[in-house]
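Read the structure below first, then the notes.
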Amino acid sequence: MLFGRKKKNPIKIADKKVEKWMYTTCGYCSTGCSIEVGIDAQNKAVATRGVASADVNRGKLCIKGIFETDIFEASGRGKEPLIRESIYDDYREVEWDKALDKAGAEIQRIQEKYGRDSFAIVSTGQLLTEEFYTLGKLSRGVIGTNNYDGNTTLCMASAVSGYKRSFGSDGAPGCYEDFENTNCLIAFGSNLPEQHPIIYWRMREAREKRRFPLIVVDPRVTMFAQFADMHLPITPGTDVVLLNSLMHVILAEGLEDREYINKYTNGIEDVEACVKDYDPVSAAKICGIDEDTIRTVARLYGKAGAAMSIWTMGINQSTHGSDGVVGINNLNLITGNIGKPGGTSLSITGQCNAMGTREWSSCSGLPGYRYLENPQDREDVGKFWGVDPEFFPKKRGLTETDIFPAIETGQIKGLWLIATNPMTSMPNTARIRKTLEKLECLIVQDSYRDVETTEYAHIFFPGAVWAEKEGVFTNTERRVNIVRKVTEPYANSKSDLWIISEMAKRFAQGKNVVFPDTPSKVFDEMRELSRGRMLDISGMSHDKLEKQRGLQWPCRDGEIDADGNTVGDQRLYMDGKFQHADGKAKLIPLPFIDNNEVPDEEYPFWLNSGRLVEHFHTRTKTGKVGNCNKYSPTPFMEMNPDAASELGVAHMSYVRVVSKRGDAVVLVQLTQRVPHNMVFIPFHFHDCVNRLTLGLLDPHSRQPAFKQNAVRIEHVDQQEAATMNVELRKF
Ligand SMILES: Nc1nc2c(c(=O)[nH]1)N[C@H]1C(S)=C(S)[C@@H](COP(=O)(O)OP(=O)(O)OC[C@H]3O[C@@H](n4cnc5c(=O)[nH]c(N)nc54)[C@H](O)[C@@H]3O)O[C@H]1N2
Ligand SMILES: Nc1nc2c(c(=O)[nH]1)N[C@H]1C(S)=C(S)[C@@H](COP(=O)(O)OP(=O)(O)OC[C@H]3O[C@@H](n4cnc5c(=O)[nH]c(N)nc54)[C@H](O)[C@@H]3O)O[C@H]1N2
Ligand code: SF4
Ligand SMILES: [Mo]
């Protein structure tokens, strides 16, 4: 089969005949680029360009943003609501009212029969914030199930948990401008040039103006590692050991900031006692980074004056995810690197609106960083929504990763999935499949009809996608930006806000609670709920967000600069005041316990997984965009050439990868990017890497360890494998 250009003629840029450009914000990653969408004379969205006056991307876009308008009319879009009695029947198209009635009746039947919490709801980081907020109101205030969570548990839960443990609240303290002020940057488990290309571009531009050391900690020689001054190829799952050892050197050599520690933190004695055991010689044996390198990095960081750390899934997706985040925070607290230009602990977020769901969805509590465990918060939100505070649970229910096992054991009987595709994205998908088959009712609400999870659903709601609707996203640096509606929803799909609000009408309790009918009215509610809090957005409005190309929170009503423009704070904790009751940050000791699945004689390779620049997640969007899909049309596995030659595995041949959970057949790409004892498979493809993963859970965040698993490699019949793969990848 031939992919790519057949004739090598020069590429011509087609004139898309754009009549007008409309402002919006990219709907893929959490960088938060401002985009203008070009509309032609037929009112069709046909092109995109970066917005030059937007501080985030300054006119730039990556490949996904450039071709984003292709997703509107991509094949497989959901056109009409669908229902069926059992998952073995065919779907039939029905009117919206009928589908919503059926869903409402099923939820109530299940709740009446098995109890309120027997119906679970799992959402995403990819809706608009107004939609999250409204879904939270419906789930917590009307349907009243405590088993409500988001796919952010697969993604950002460890960052949230680590921030809460260290600082008393979620919320990234830093911003992109920190790159322009830092004297040293360590990136832990983040492949910035591929996964956040425009944040990378901001970082690189800052570094071109003013050189500072860039240190990348990643077991793979990623693109980021290749561009770094130092690459630390860490043994998977041992970042906490490296962090403890860096602190050991900093404290032993007196490079810490004692004044900051004494004034603004608690717990230094416990951390000092703990890191004593992590001298570089002992630590090197566990984390695989030699003692001299550990000392060099510790000294660079300790003496930098302003030093910052960023991290992404290499830290979060581990059994030590939350501890890894706390370790990074510890390092920055003892060196006085929080809340100052160039000194920060900046979690690079994942999905376009993973931050919005953390802030406003009520998944882990109540809106605006409020807690179910706090009686005052229950009282305030209850009053504001018109819901009896006694209706709310008094503590958080199950996370997404605990909801699936609870379906297995029969505790949960019904599930509503909104904009997430667990049949490809959860670990151990064979187990997920069996779990979904057990449900009495599965509702799938997705923009695409052909997502794998709909095969197990009873009801399908077609949702409008991205800029077919209006609302806000929050990016990595707490910048809220506006997604404007640039085109009508495809076919008979509806905005998620509409679907959620209509669902509320199916419940007696929903008649007493107000569900505003426009996104800007919902935004007004959020503004009111945020007033005076850390997460203050009272100074924002949809129009101001467009005018100023996004605003960072906290953004208080009435705070303006000399030109009369509304302003938000660039950084949190500038005054050293944290959100714990005593106002101090907590330094927390992190003794390391090796509880990962690790390679052994039978399964001798680490299985690592992650992403590619041209694909997004389970490829429901990029898999249909020709200019993204053509670069990586087939699942493949990176394998070290020396390891391959020992096993007699050839470049571009198929192998069977086997773990204790299952197997997958993939094409081998030989590359020194992975060490001798590791293979890497992108997770974008269905029936591939997540057939193999175990996904042990972090005890604090319940996030799965997607990146630390053990596998072996077996030979397969090449002809059969090739045929099977072509069949499997047909859209
Ligand atoms: N193109 C594209 N961009 C995306 C996405 C996408 O799907 N496609 N998804 C978005 C989302 S939701 C997210 S969460 C982000 C993810 O962004 P990243 O986290 O940057 O991407 P990953 O490839 O998942 O993982 C990053 C690196 O972690 C390394 N790693 C594995 N184990 C360890 C370990 O034990 N320690 C350390 N230090 N590193 C380790 C891997 O080798 C890998 O190179 O990307 C966002 N941006
Ligand atoms: N092995 C392995 N597995 C992983 C990871 C890994 O690194 N390795 N990473 C994990 C991470 S960090 C993440 S974030 C998850 C992502 O996992 P998922 O959330 O399951 O992946 P997506 O493909 O983004 O699924 C989003 C779904 O929402 C739909 N959608 C998009 N926009 C809208 C909308 O506006 N409305 C509606 N109704 N639907 C919409 C899309 O069509 C798609 O089906 O995967 C996790 N899984
Ligand atoms: S970097 Fe992220 S937000 Fe920016 S264009 Fe690319 S996918 Fe969109
Ligand atoms: Mo993510």
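We name chains A, B, ... following the order of the structure tokens; residues begin at 1 in each chain, and ligands are numbered from 1 as shown.
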>> Need to verify the contact set: range 517-523 of chain A, 9 Å, only C-alpha atoms, exclusion of same-chain residues closer than 5 positions in sequence. Can you return it as a PyMOL selection string?
In response: chain A and resi 129-131+133-134+469-472+497-498+501+528+541-542
At most 8 Å is the cut-off: for each residue in chain A with any atom that close to an atom of ligand 4, write down the nearest atom pair and the distance in Å rounded to one decimal, counting only C-alpha atoms and all ligand atoms, chain first then increasing number, as a tab-separated table.
residue	atom	partner	partner_atom_place_in_ligand_line	distance
A:Thr152	CA	ligand 4	1 (Mo)	6.7
A:Leu154	CA	ligand 4	1 (Mo)	6.6
A:Cys155	CA	ligand 4	1 (Mo)	4.1
A:Met156	CA	ligand 4	1 (Mo)	6.7
A:Met313	CA	ligand 4	1 (Mo)	7.5
A:Thr349	CA	ligand 4	1 (Mo)	7.3
A:Gly350	CA	ligand 4	1 (Mo)	4.2
A:Gln351	CA	ligand 4	1 (Mo)	5.4
A:Ala354	CA	ligand 4	1 (Mo)	7.7
Saved selection, atoms kept: all heavy atoms, as a compact mmCIF listing (two decimals), in the first residue's frame:
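out-v3.txt, written as the output of this step:
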# COMPACT_ATOMS: atom_id res chain seq x y z
N THR A 152 -9.71 12.94 33.28
CA THR A 152 -8.53 13.62 33.81
C THR A 152 -7.84 12.75 34.87
O THR A 152 -6.68 12.99 35.19
CB THR A 152 -8.92 14.99 34.39
OG1 THR A 152 -10.21 14.87 34.97
CG2 THR A 152 -8.99 16.04 33.31
N LEU A 154 -6.93 9.86 34.21
CA LEU A 154 -5.89 9.19 33.44
C LEU A 154 -4.74 10.13 33.14
O LEU A 154 -3.73 9.73 32.57
CB LEU A 154 -6.46 8.68 32.10
CG LEU A 154 -7.75 7.87 32.15
CD1 LEU A 154 -8.12 7.39 30.75
CD2 LEU A 154 -7.62 6.69 33.10
N CYS A 155 -4.86 11.38 33.49
CA CYS A 155 -4.04 12.43 32.90
C CYS A 155 -3.45 13.39 33.94
O CYS A 155 -2.25 13.44 34.14
CB CYS A 155 -4.93 13.17 31.90
SG CYS A 155 -4.20 14.52 31.03
N MET A 156 -4.31 14.12 34.63
CA MET A 156 -3.82 15.18 35.50
C MET A 156 -4.00 14.91 37.00
O MET A 156 -3.63 15.74 37.82
CB MET A 156 -4.55 16.50 35.18
CG MET A 156 -4.40 16.98 33.75
SD MET A 156 -2.75 16.89 33.04
CE MET A 156 -1.80 17.82 34.18
N MET A 313 3.39 13.53 31.51
CA MET A 313 2.90 12.20 31.85
C MET A 313 3.97 11.22 32.36
O MET A 313 3.65 10.24 33.00
CB MET A 313 2.16 11.58 30.66
CG MET A 313 0.84 12.25 30.39
SD MET A 313 -0.18 12.31 31.86
CE MET A 313 -0.50 14.04 31.95
N THR A 349 -0.16 20.81 31.34
CA THR A 349 -1.45 20.10 31.32
C THR A 349 -1.60 19.32 30.01
O THR A 349 -0.80 19.49 29.09
CB THR A 349 -2.60 21.11 31.46
OG1 THR A 349 -2.17 22.18 32.25
CG2 THR A 349 -3.81 20.50 32.09
N GLY A 350 -2.65 18.49 29.90
CA GLY A 350 -2.81 17.64 28.73
C GLY A 350 -3.83 18.15 27.74
O GLY A 350 -3.52 18.82 26.76
N GLN A 351 -5.10 17.83 27.99
CA GLN A 351 -6.17 18.15 27.04
C GLN A 351 -6.46 19.65 27.07
O GLN A 351 -6.19 20.34 28.06
CB GLN A 351 -7.44 17.39 27.41
CG GLN A 351 -7.22 15.90 27.52
CD GLN A 351 -8.37 15.20 28.24
OE1 GLN A 351 -9.36 14.90 27.63
NE2 GLN A 351 -8.22 14.93 29.52
N ALA A 354 -8.36 20.40 30.24
CA ALA A 354 -8.15 19.61 31.47
C ALA A 354 -8.19 20.53 32.67
O ALA A 354 -8.70 20.16 33.74
CB ALA A 354 -6.82 18.88 31.40
Any chance you could tabulate, as a Markdown table, the residues of range 483-579 of chain A at most 9 Å from range 172-192 of chain A with each one's nearest atom pair and distance in Å to one decimal, using only C-alpha atoms, in chain and rising number order?
| residue | atom | partner | partner_atom | distance |
| --- | --- | --- | --- | --- |
| A:Gln570 | CA | A:Cys175 | CA | 6.4 |
| A:Arg571 | CA | A:Gly174 | CA | 5.1 |
| A:Leu572 | CA | A:Pro173 | CA | 4.5 |
| A:Tyr573 | CA | A:Pro173 | CA | 6.8 |
| A:Met574 | CA | A:Pro173 | CA | 8.7 |
>> Using only C-alpha atoms and all ligand atoms, which residues of the polymer chains come no farther than 10 Å from ligand 3? I'd like the answer as a PyMOL selection string.
In response: chain A and resi 25-35+48-50+56-57+59-68+192-201+350-352+475+613-616
> Out of A:Thr235, A:Gln376, A:Asn244, A:Ser659, which residue has the shortest atom-to-atom distance to ligand 1 when counting only C-alpha atoms and all ligand atoms?
Replying inline: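 Selected residue with least distance to ligand 1: A:Thr235.
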Excluding same-chain residues fewer than 5 positions from Gly254 in chain A, what lies within 12 Å of it counting only C-alpha atoms, as a PDB file with C-alpha atoms, in the first residue's frame?
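Output file out.pdb is given in full below:
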ATOM      1  CA  MET A 247      17.722  17.511  47.435  1.00  0.00           C
ATOM      2  CA  HIS A 248      20.328  15.486  49.319  1.00  0.00           C
ATOM      3  CA  VAL A 249      23.123  17.285  47.442  1.00  0.00           C
ATOM      4  CA  ALA A 298      21.768  19.615  41.824  1.00  0.00           C
ATOM      5  CA  ARG A 299      24.446  22.337  41.785  1.00  0.00           C
ATOM      6  CA  GLY A 302      20.697  25.131  43.548  1.00  0.00           C
ATOM      7  CA  LYS A 303      22.899  27.966  42.299  1.00  0.00           C
ATOM      8  CA  ILE A 334      13.696  24.332  49.375  1.00  0.00           C
ATOM      9  CA  THR A 335      15.392  26.428  46.691  1.00  0.00           C
TER      10      THR A 335
END
> Neighbours of ligand 2 within 6 Å, counting only C-alpha atoms and all ligand atoms, as a PyMOL selection string?
Replying inline: chain A and resi 124+126-127+151+154-155+351+418-422+425-426+445-448+451+463-466+496+609-610+617-620+683+689-690+706
> Can you tell me, as a list in words, what residues are no more than 12 Å from Ala284 in chain A when counting only C-alpha atoms, ignoring any on the same chain fewer than 2 positions away?
Replying inline: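 Once the nearby chain positions are removed, what remains is Leu232, Pro233, Ile234, Thr235, Thr238, Asp239, Val241, Leu242, Leu243, Asn244, Ser245, Leu246, Tyr278, Asp279, Pro280, Val281, Ser282, Ile286, Cys287, Gly288, Ile289, Asp290, Glu291, Asp292, Thr293, Ile294 and Arg295 of chain A.
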Output N, CA, C and O atoms of each residue in that selection to a file, as a short mmCIF file (atom, residue, chain, number, x, y, z; two decimals), in the first residue's frame.
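That gives us part31.cif:
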data_model
loop_
_atom_site.label_atom_id
_atom_site.label_comp_id
_atom_site.auth_asym_id
_atom_site.auth_seq_id
_atom_site.Cartn_x
_atom_site.Cartn_y
_atom_site.Cartn_z
N LEU A 232 18.93 12.87 30.96
CA LEU A 232 19.06 11.89 32.04
C LEU A 232 18.10 10.72 31.76
O LEU A 232 16.90 10.81 32.02
N PRO A 233 18.64 9.61 31.19
CA PRO A 233 17.76 8.49 30.83
C PRO A 233 17.42 7.65 32.06
O PRO A 233 18.03 6.62 32.33
N ILE A 234 16.44 8.09 32.76
CA ILE A 234 16.11 7.51 34.08
C ILE A 234 15.48 6.12 33.97
O ILE A 234 14.79 5.82 32.99
N THR A 235 15.71 5.29 34.95
CA THR A 235 15.02 4.00 35.04
C THR A 235 13.53 4.29 35.30
O THR A 235 13.21 5.07 36.21
N THR A 238 11.30 5.86 38.70
CA THR A 238 12.19 6.16 39.84
C THR A 238 12.52 7.65 39.97
O THR A 238 13.51 8.01 40.59
N ASP A 239 11.69 8.51 39.42
CA ASP A 239 11.97 9.96 39.50
C ASP A 239 12.05 10.45 40.95
O ASP A 239 12.80 11.37 41.25
N VAL A 241 13.33 9.01 43.43
CA VAL A 241 14.68 8.73 43.94
C VAL A 241 15.64 9.82 43.44
O VAL A 241 16.44 10.35 44.21
N LEU A 242 15.55 10.14 42.18
CA LEU A 242 16.39 11.21 41.63
C LEU A 242 16.13 12.53 42.36
O LEU A 242 17.07 13.24 42.75
N LEU A 243 14.85 12.84 42.57
CA LEU A 243 14.49 14.10 43.23
C LEU A 243 15.03 14.13 44.66
O LEU A 243 15.59 15.14 45.11
N ASN A 244 14.89 13.01 45.38
CA ASN A 244 15.42 12.96 46.75
C ASN A 244 16.93 13.17 46.74
O ASN A 244 17.49 13.84 47.61
N SER A 245 17.58 12.60 45.74
CA SER A 245 19.03 12.71 45.68
C SER A 245 19.48 14.14 45.33
O SER A 245 20.46 14.64 45.87
N LEU A 246 18.74 14.78 44.43
CA LEU A 246 19.05 16.19 44.12
C LEU A 246 18.95 17.03 45.39
O LEU A 246 19.80 17.87 45.68
N TYR A 278 19.43 9.17 50.54
CA TYR A 278 19.50 9.20 49.07
C TYR A 278 20.75 9.92 48.58
O TYR A 278 20.70 10.82 47.76
N ASP A 279 21.91 9.52 49.13
CA ASP A 279 23.16 10.08 48.62
C ASP A 279 23.31 9.62 47.16
O ASP A 279 22.78 8.57 46.78
N PRO A 280 24.01 10.39 46.34
CA PRO A 280 24.07 10.07 44.91
C PRO A 280 24.57 8.66 44.61
O PRO A 280 24.12 8.05 43.63
N VAL A 281 25.45 8.13 45.42
CA VAL A 281 25.98 6.78 45.13
C VAL A 281 24.86 5.74 45.27
O VAL A 281 24.65 4.90 44.38
N SER A 282 24.10 5.83 46.35
CA SER A 282 23.00 4.86 46.56
C SER A 282 21.88 5.12 45.55
O SER A 282 21.31 4.18 44.99
N ILE A 286 19.55 2.89 41.95
CA ILE A 286 18.10 2.68 41.74
C ILE A 286 17.61 3.43 40.48
O ILE A 286 16.91 2.86 39.66
N CYS A 287 18.03 4.69 40.35
CA CYS A 287 17.42 5.49 39.27
C CYS A 287 18.22 5.46 37.97
O CYS A 287 17.77 5.96 36.95
N GLY A 288 19.41 4.88 38.01
CA GLY A 288 20.18 4.69 36.78
C GLY A 288 20.89 5.94 36.28
O GLY A 288 21.44 5.94 35.18
N ILE A 289 20.89 7.01 37.07
CA ILE A 289 21.62 8.22 36.67
C ILE A 289 22.89 8.27 37.53
O ILE A 289 22.82 8.20 38.76
N ASP A 290 24.05 8.43 36.89
CA ASP A 290 25.30 8.31 37.64
C ASP A 290 25.47 9.43 38.66
O ASP A 290 24.89 10.51 38.53
N GLU A 291 26.29 9.15 39.67
CA GLU A 291 26.40 10.08 40.81
C GLU A 291 26.91 11.47 40.41
O GLU A 291 26.46 12.48 40.93
N ASP A 292 27.85 11.53 39.45
CA ASP A 292 28.39 12.84 39.06
C ASP A 292 27.31 13.70 38.40
O ASP A 292 27.23 14.90 38.63
N THR A 293 26.50 13.05 37.56
CA THR A 293 25.43 13.80 36.89
C THR A 293 24.45 14.33 37.93
O THR A 293 24.01 15.48 37.84
N ILE A 294 24.11 13.50 38.91
CA ILE A 294 23.17 13.97 39.96
C ILE A 294 23.76 15.21 40.64
O ILE A 294 23.07 16.23 40.81
N ARG A 295 25.04 15.16 40.99
CA ARG A 295 25.65 16.31 41.67
C ARG A 295 25.67 17.55 40.77
O ARG A 295 25.34 18.65 41.20
#
